[in-house]
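Written below as structure tokens is the structure these notes are about.
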Amino acid sequence: NIPARRKFLRTEETERAHVVHYVNVAALAHPHVAFTLVQNGRTVLQLPAATKGDAFDRLRERIRSLHGADIQLLSLDKSGHYEVKVQRREDDEVCTETEIKHVRAWGFIGAPGVSRSTRADQNLFVNRRPIESRGINAALSEGYHTSLMKGRFPVCCLFLELDPGQVDVNIHPAKREVKFHRERQIRQFVMESVRECLLSFHTAAGLATTPTISSLNAATTDPLAPGAESSPTTPE
């Protein structure tokens with residue numbers, strides 16, 4: 001959009017950074033779409049469409065195109081629900097009913113050790129729309145708990161899917177920052193989703209490094225195993 005007045009424009013470098021940021025956000029929201037950004041005849045960003053695999057595969061490919069192939073990511077996918085009290089008028093009487101609202105969180109979070117000094121790489125979406133939410137930012141940090149050093153922030157590309165009527169987008173002129181009607185429940189849900197994802201990662205890592213009984217027995221009975229002593233043989 002063109003600003004109503006020129007005085008709202010910042011320096012050329014600042015405006016360029018804003019454009020790059022919004023192109024990156026749009027590219028993450030739609031990995032199946034190719035994006036090319038050209039500035040002054042020079043290609044600044046070129047992202048091919050991610051078409052292979054499922055939604056997670058396409059999103060992973062797009063994240064690595066933007067942040068590098070060596071970034072370690074953990075896939076997260078959790079569904080839940082919460083209750084909402086709704087008042088309805090029937091025959092001049094007000095009745096209170098309970099509705100079940102469903103919510104899903106999916107995407108990728110950085111593995112323990114993957115962090116940044118700012119929240120710049122925390123990409124949040126609600127129903128595919130990029131948003132900002134202090135509550136979700138706090139839930140991410142709470143989910144990582146001791147897995148993050150003080151002053152460091154987690155990396156994520158997280159999508160929330162829920163009833164649009166449960167989201168208030170009219171708290172900021174730019175419509176970017178949002179509030180949830182059940183802020184506490186959504187924040188708790190995101191925190192638990194992150195904790196469960198990290199717990200699964202730590203559990204899998206522990207199982208991979210813990211020797212099994214069969215491997216220990218094989219190591220002690222195999223005469224070719226390193227450190228195994230061979231019994232002397234008596235020539236006939």
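For the structure tokens, the naming scheme is as follows: chains receive sequential letters (A, B, ...) according to their order of presentation, residues are indexed from 1 within each chain, and ligands are indexed from 1 in presentation order.
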
Exercise. What lies within 10 Å of Pro130 (chain A) using only C-alpha atoms, ignoring chain neighbours under 5 positions off, as a PyMOL selection string?
Worked result: chain A and resi 22+25-26+28-29+123-125+158-159+175-178

Keeping only N, CA and C atoms, take the residues you just selected and write them out as a compact mmCIF listing (two decimals), in the first residue's frame.
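Wrote it out as result_30.txt, contents follow:
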```txt
# COMPACT_ATOMS: atom_id res chain seq x y z
N TYR A 22 8.39 -8.65 4.57
CA TYR A 22 7.04 -9.07 4.22
C TYR A 22 7.04 -10.10 3.10
N VAL A 25 7.83 -13.34 4.91
CA VAL A 25 6.66 -13.83 5.64
C VAL A 25 5.64 -14.45 4.68
N ALA A 26 5.40 -13.79 3.56
CA ALA A 26 4.47 -14.35 2.57
C ALA A 26 4.99 -15.66 2.01
N LEU A 28 6.83 -17.87 3.56
CA LEU A 28 6.64 -18.92 4.56
C LEU A 28 5.18 -19.35 4.64
N ALA A 29 4.28 -18.40 4.48
CA ALA A 29 2.86 -18.73 4.56
C ALA A 29 2.40 -19.55 3.36
N ASN A 123 8.26 -16.58 13.48
CA ASN A 123 7.22 -16.31 12.49
C ASN A 123 5.93 -17.01 12.91
N LEU A 124 4.92 -16.22 13.19
CA LEU A 124 3.65 -16.74 13.70
C LEU A 124 2.53 -16.44 12.70
N PHE A 125 1.65 -17.42 12.55
CA PHE A 125 0.52 -17.27 11.62
C PHE A 125 -0.74 -17.78 12.30
N LEU A 158 5.41 -21.12 13.11
CA LEU A 158 4.30 -21.81 13.76
C LEU A 158 2.98 -21.31 13.23
N PHE A 159 2.11 -22.27 12.88
CA PHE A 159 0.79 -21.95 12.36
C PHE A 159 -0.27 -22.38 13.38
N LYS A 175 -3.38 -4.05 11.77
CA LYS A 175 -4.05 -5.36 11.82
C LYS A 175 -3.05 -6.51 11.98
N ARG A 176 -1.85 -6.22 12.44
CA ARG A 176 -0.83 -7.26 12.55
C ARG A 176 -0.88 -7.92 13.93
N GLU A 177 -0.99 -7.11 14.97
CA GLU A 177 -1.05 -7.68 16.32
C GLU A 177 -2.47 -8.12 16.62
N VAL A 178 -2.60 -9.29 17.23
CA VAL A 178 -3.92 -9.83 17.49
C VAL A 178 -4.05 -10.21 18.97
```

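Using only C-alpha atoms, the residues found no farther than 12 Å from Glu183 (chain A), other than those of its own chain fewer than 2 positions away, are Tyr82, Ser133, Arg134, Gly135, Ile136, Ala138, Ala139, Gln166, Val167, Asp168, Val178, Lys179, Phe180, His181, Gln185, Ile186, Arg187, Gln188, Phe189 and Val190 of chain A.
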
For this session: Could you check which of A:Arg184, A:Arg16, A:Lys52, A:Arg195 is closest to Thr146 (chain A), using only C-alpha atoms?
Result: A:Arg195

Exercise. Given the choices A:Asp163, A:Glu132, A:Glu12, A:Glu142, which gets closest to Arg104 (chain A) if the distance is worked out from only C-alpha atoms?
Worked result: A:Asp163

Exercise. Hey, which of A:Ala204, A:Cys156, A:Ile131, A:Val194 ends up closest to Val169 (chain A)? Count only C-alpha atoms.
Worked result: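 With only C-alpha atoms as the atom set, the closest residue is A:Ile131.
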
For this session: Could you give me, as a ChimeraX atom specification, each residue of region 159-188 of chain A that DSSP assigns to strand (DSSP E or B) when run on this structure's backbone?
Result: /A:159-162,167-168,177,179-180

For this session: Can you work out the spacing between CA of Arg60 (chain A) and CA of His202 (chain A) in Å, to one decimal?
Result: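 Distance reported for this atom pair: 20.6 Å.
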
Problem set entry | Between CA of Arg129 (chain A) and CA of Phe8 (chain A) - distance in Å to one decimal |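 Interatomic distance here is 24.6 Å.
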
Exercise. Can you list, as number ranges by chain, every residue of region 113-165 of chain A that DSSP puts in helix (DSSP H, G or I)?
Worked result: A: 134-147, 164-165

Selection file, C-alpha atoms, as a compact mmCIF listing (two decimals), in the first residue's frame:
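Saved as selection.txt:
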```
# COMPACT_ATOMS: atom_id res chain seq x y z
CA ARG A 134 3.05 -11.14 22.87
CA GLY A 135 1.15 -13.98 24.48
CA ILE A 136 2.37 -16.52 21.91
CA ASN A 137 5.92 -15.14 22.15
CA ALA A 138 5.81 -15.68 25.90
CA ALA A 139 4.33 -19.18 25.48
CA LEU A 140 7.25 -20.15 23.23
CA SER A 141 9.81 -19.06 25.81
CA GLU A 142 7.87 -20.83 28.57
CA GLY A 143 7.76 -23.99 26.49
CA TYR A 144 11.55 -24.04 26.07
CA HIS A 145 12.05 -23.26 29.77
CA THR A 146 15.66 -24.23 30.62
CA SER A 147 16.49 -25.26 27.04
CA PRO A 164 -11.68 -16.84 13.19
CA GLY A 165 -14.38 -15.55 15.51
```

Problem set entry | Polymer residues at most 12 Å from region 114-116 of chain A, only C-alpha atoms, same-chain spacing of 2 or more positions, as a VMD selection string | chain A and resid 67 70 to 74 108 to 112 118 to 122 140 to 141 144 147 to 156

Exercise. For Gly107 (chain A), which residue out of A:Ala69, A:Cys95, A:Cys157, A:Ala205 is the nearest one, using only C-alpha atoms?
Worked result: A:Cys157

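In this structure, CA of Ala34 (chain A) sits 16.8 Å away from CA of Phe56 (chain A).
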
Problem set entry | All residues 9 Å or closer to Thr51 (chain A), only C-alpha atoms, same chain fewer than 5 positions away omitted, as a list in words |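 In the requested form, the answer reads Pro31, His32, Val33, Asp57 and Arg58 of chain A.
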